[in-house]
Amino acid sequence: ETGVTQTPRHLVMGMTNKKSLKCEQHLGHNAMYWYKQSAKKPLELMFVYSLEERVENNSVPSRFSPECPNSSHLFLHLHTLQPEDSALYLCASSQDVQRYEQYFGPGTRLTVT
Amino acid sequence: DQQVKQNSPSLSVQEGRISILNCDYTNSMFDYFLWYKKYPAEGPTFLISISSIKDKNEDGRFTVFLNKSAKHLSLHIVPSQPGDSAVYFCAASVTGNQFYFGTGTSLTVIP
């Protein structure tokens with residue numbers, strides 16, 4: 001595997017479910033990101049991790065809980081989501097938070113019913 | 001309020017002609033700009049960047065122009081090829097801070 005991978009690619013969950021999104025980067029990068037893309041809206045940065053430490057949290061509701069166990073893996077734990085949370089969730093990585101080129105995964109298309 | 005805007009949701013261009021994608025921003029402190037390209041079912045891929053100390057950056061068929069006074073940047077693709085058909089996002093940041101993305105322009109290159 002090369003680049004940034006995300007699983008699952010599609011997820012349908014009820015509002016009372018708990019699920020997790022997984023991201024893995026094979027690029028040796030030190031920074032990882034979660035973005036949300038809703039229909040007809042720009043990409044919104046959710047979380048930034050640098051060397052497994054969270055360095056940014058953009059006022060994201062607590063029903064989204066990130067976890068970065070090491071610099072290659074990033075998770076987004078989801079619980080009691082709302083239908084308006086349905087979106088494409090993209091993971092990205094970069095050499096470090098100061099390096100501007102971010103490499104994106106293919107995204108997880110999440111539908112909350 | 002959106003800090004980066006791409007006002008054209010779509011653009012169609014004949015193969016071999018020039019494609020011009022536009023992007024406007026509101027924050028005069030932005031000093032680094034990127035363009036990404038996205039195919040369906042794939043994540044965005046980095047295309048080209050420009051810093052505010054330059055007004056032009058070129059990479060093969062792709063050239064980005066920055067007009068700081070107008071707070072405007074554009075991506076020129078010449079000649080356009082069918083494989084260039086994708087959604088193009090511009091993004092801007094103040095050095096070391098988060099990127100703000102536009103909503104994207106869907107480019108179709110007609111063979």
# chains A, B, ... in the order shown; residues from 1 in each chain; ligands from 1
$ closest_atom_pairs --of "chain A" --to "stretch 37-58 of chain B" --cutoff "12 Å" --atoms "only C-alpha atoms" --output "JSON lines"
{"residue": "A:Gly3", "atom": "CA", "partner": "B:Gly43", "partner_atom": "CA", "distance": 10.7}
{"residue": "A:Val4", "atom": "CA", "partner": "B:Gly43", "partner_atom": "CA", "distance": 9.1}
{"residue": "A:Thr5", "atom": "CA", "partner": "B:Gly43", "partner_atom": "CA", "distance": 9.7}
{"residue": "A:Gln6", "atom": "CA", "partner": "B:Gly43", "partner_atom": "CA", "distance": 10.0}
{"residue": "A:Arg9", "atom": "CA", "partner": "B:Ala41", "partner_atom": "CA", "distance": 9.0}
{"residue": "A:His10", "atom": "CA", "partner": "B:Ala41", "partner_atom": "CA", "distance": 10.6}
{"residue": "A:Tyr35", "atom": "CA", "partner": "B:Gly43", "partner_atom": "CA", "distance": 11.1}
{"residue": "A:Gln37", "atom": "CA", "partner": "B:Gly43", "partner_atom": "CA", "distance": 11.1}
{"residue": "A:Leu43", "atom": "CA", "partner": "B:Pro44", "partner_atom": "CA", "distance": 10.6}
{"residue": "A:Leu88", "atom": "CA", "partner": "B:Gly43", "partner_atom": "CA", "distance": 10.1}
{"residue": "A:Tyr89", "atom": "CA", "partner": "B:Gly43", "partner_atom": "CA", "distance": 10.0}
{"residue": "A:Leu90", "atom": "CA", "partner": "B:Gly43", "partner_atom": "CA", "distance": 7.2}
{"residue": "A:Cys91", "atom": "CA", "partner": "B:Gly43", "partner_atom": "CA", "distance": 8.6}
{"residue": "A:Ala92", "atom": "CA", "partner": "B:Gly43", "partner_atom": "CA", "distance": 8.8}
{"residue": "A:Ser93", "atom": "CA", "partner": "B:Thr45", "partner_atom": "CA", "distance": 11.6}
{"residue": "A:Ser94", "atom": "CA", "partner": "B:Phe46", "partner_atom": "CA", "distance": 11.2}
{"residue": "A:Arg99", "atom": "CA", "partner": "B:Ser49", "partner_atom": "CA", "distance": 11.8}
{"residue": "A:Tyr100", "atom": "CA", "partner": "B:Ser49", "partner_atom": "CA", "distance": 8.8}
{"residue": "A:Glu101", "atom": "CA", "partner": "B:Phe46", "partner_atom": "CA", "distance": 6.5}
{"residue": "A:Gln102", "atom": "CA", "partner": "B:Phe46", "partner_atom": "CA", "distance": 7.1}
{"residue": "A:Tyr103", "atom": "CA", "partner": "B:Thr45", "partner_atom": "CA", "distance": 6.5}
{"residue": "A:Phe104", "atom": "CA", "partner": "B:Gly43", "partner_atom": "CA", "distance": 5.2}
{"residue": "A:Gly105", "atom": "CA", "partner": "B:Gly43", "partner_atom": "CA", "distance": 5.0}
{"residue": "A:Pro106", "atom": "CA", "partner": "B:Gly43", "partner_atom": "CA", "distance": 4.0}
{"residue": "A:Gly107", "atom": "CA", "partner": "B:Gly43", "partner_atom": "CA", "distance": 6.2}
{"residue": "A:Thr108", "atom": "CA", "partner": "B:Ala41", "partner_atom": "CA", "distance": 9.5}
{"residue": "A:Arg109", "atom": "CA", "partner": "B:Ala41", "partner_atom": "CA", "distance": 9.5}
$ closest_residue --among "B:Cys23, B:Ile110, B:Ala86, B:Leu34" --to "B:Gln3" --atoms "only C-alpha atoms"
B:Cys23
$ residues_around --residues "B:Asn97" --least-positions-apart "5" --cutoff "12 Å" --atoms "only C-alpha atoms" --output "short mmCIF file (atom, residue, chain, number, x, y, z; two decimals) with N, CA, C and O atoms, in the first residue's frame"
data_model
loop_
_atom_site.label_atom_id
_atom_site.label_comp_id
_atom_site.auth_asym_id
_atom_site.auth_seq_id
_atom_site.Cartn_x
_atom_site.Cartn_y
_atom_site.Cartn_z
N LEU A 45 -11.50 21.83 8.05
CA LEU A 45 -10.53 21.16 8.90
C LEU A 45 -11.17 20.84 10.25
O LEU A 45 -11.78 21.71 10.88
N VAL A 48 -6.00 18.34 13.78
CA VAL A 48 -4.63 18.23 13.30
C VAL A 48 -3.81 17.53 14.37
O VAL A 48 -3.89 17.88 15.55
N VAL A 55 -2.82 19.13 17.81
CA VAL A 55 -2.38 20.52 17.84
C VAL A 55 -3.48 21.48 17.44
O VAL A 55 -3.34 22.69 17.59
N GLU A 56 -4.56 20.94 16.90
CA GLU A 56 -5.67 21.81 16.53
C GLU A 56 -6.97 21.04 16.61
O GLU A 56 -7.06 19.89 16.22
N ASP A 96 5.30 17.66 7.86
CA ASP A 96 5.00 18.18 9.19
C ASP A 96 3.99 19.29 9.04
O ASP A 96 3.58 19.61 7.92
N VAL A 97 3.55 19.88 10.14
CA VAL A 97 2.46 20.86 10.02
C VAL A 97 2.91 22.12 9.31
O VAL A 97 2.09 22.93 8.91
N GLN A 98 4.22 22.33 9.18
CA GLN A 98 4.69 23.51 8.48
C GLN A 98 4.87 23.27 6.99
O GLN A 98 5.08 24.20 6.24
N ARG A 99 4.84 22.02 6.56
CA ARG A 99 4.98 21.70 5.15
C ARG A 99 3.61 21.70 4.52
O ARG A 99 2.70 21.06 5.00
N TYR A 100 3.45 22.37 3.43
CA TYR A 100 2.13 22.72 2.97
C TYR A 100 1.44 21.69 2.11
O TYR A 100 0.23 21.68 2.03
N MET B 29 -4.02 38.53 4.67
CA MET B 29 -2.87 37.93 5.35
C MET B 29 -2.45 36.59 4.73
O MET B 29 -1.38 36.07 5.02
N PHE B 30 -3.29 36.01 3.90
CA PHE B 30 -2.93 34.74 3.25
C PHE B 30 -1.64 34.93 2.46
O PHE B 30 -1.49 35.91 1.72
N ASP B 31 -0.71 34.00 2.65
CA ASP B 31 0.56 34.15 1.94
C ASP B 31 1.00 32.87 1.24
O ASP B 31 2.12 32.79 0.73
N TYR B 32 0.14 31.86 1.24
CA TYR B 32 0.50 30.63 0.53
C TYR B 32 -0.77 30.03 -0.04
O TYR B 32 -1.80 29.99 0.64
N ALA B 91 -6.83 26.56 -2.32
CA ALA B 91 -6.73 26.65 -0.87
C ALA B 91 -5.73 27.73 -0.52
O ALA B 91 -4.78 27.98 -1.27
N ALA B 92 -5.94 28.38 0.62
CA ALA B 92 -5.07 29.48 1.02
C ALA B 92 -4.81 29.40 2.51
O ALA B 92 -5.67 28.93 3.28
#
$ atom_distance --atom1 "atom CA of A:Phe47" --atom2 "atom CA of A:His77"
12.4 Å
$ closest_residue --among "B:Gln81, B:Tyr100, B:Tyr36, B:Phe89" --to "B:Val13" --atoms "only C-alpha atoms"
B:Gln81
$ residues_around --residues "A:Pro66" --least-positions-apart "5" --cutoff "9 Å" --atoms "only C-alpha atoms" --output "MDAnalysis selection string"
chainID A and resid 34 47 54 74:78
$ atom_distance --atom1 "atom CA of B:Gly16" --atom2 "atom CA of B:Val78"
7.0 Å
$ atom_distance --atom1 "atom CA of B:Tyr88" --atom2 "atom CA of A:Tyr49"
25.7 Å
$ closest_residue --among "A:Ser59, A:Ser38, A:Thr16, A:Thr7" --to "chain B" --atoms "only C-alpha atoms"
A:Ser38
$ residues_around --residues "A:Lys40" --least-positions-apart "4" --cutoff "10 Å" --atoms "only C-alpha atoms" --output "JSON, numbers by chain"
{"B": [9, 102, 103, 104]}
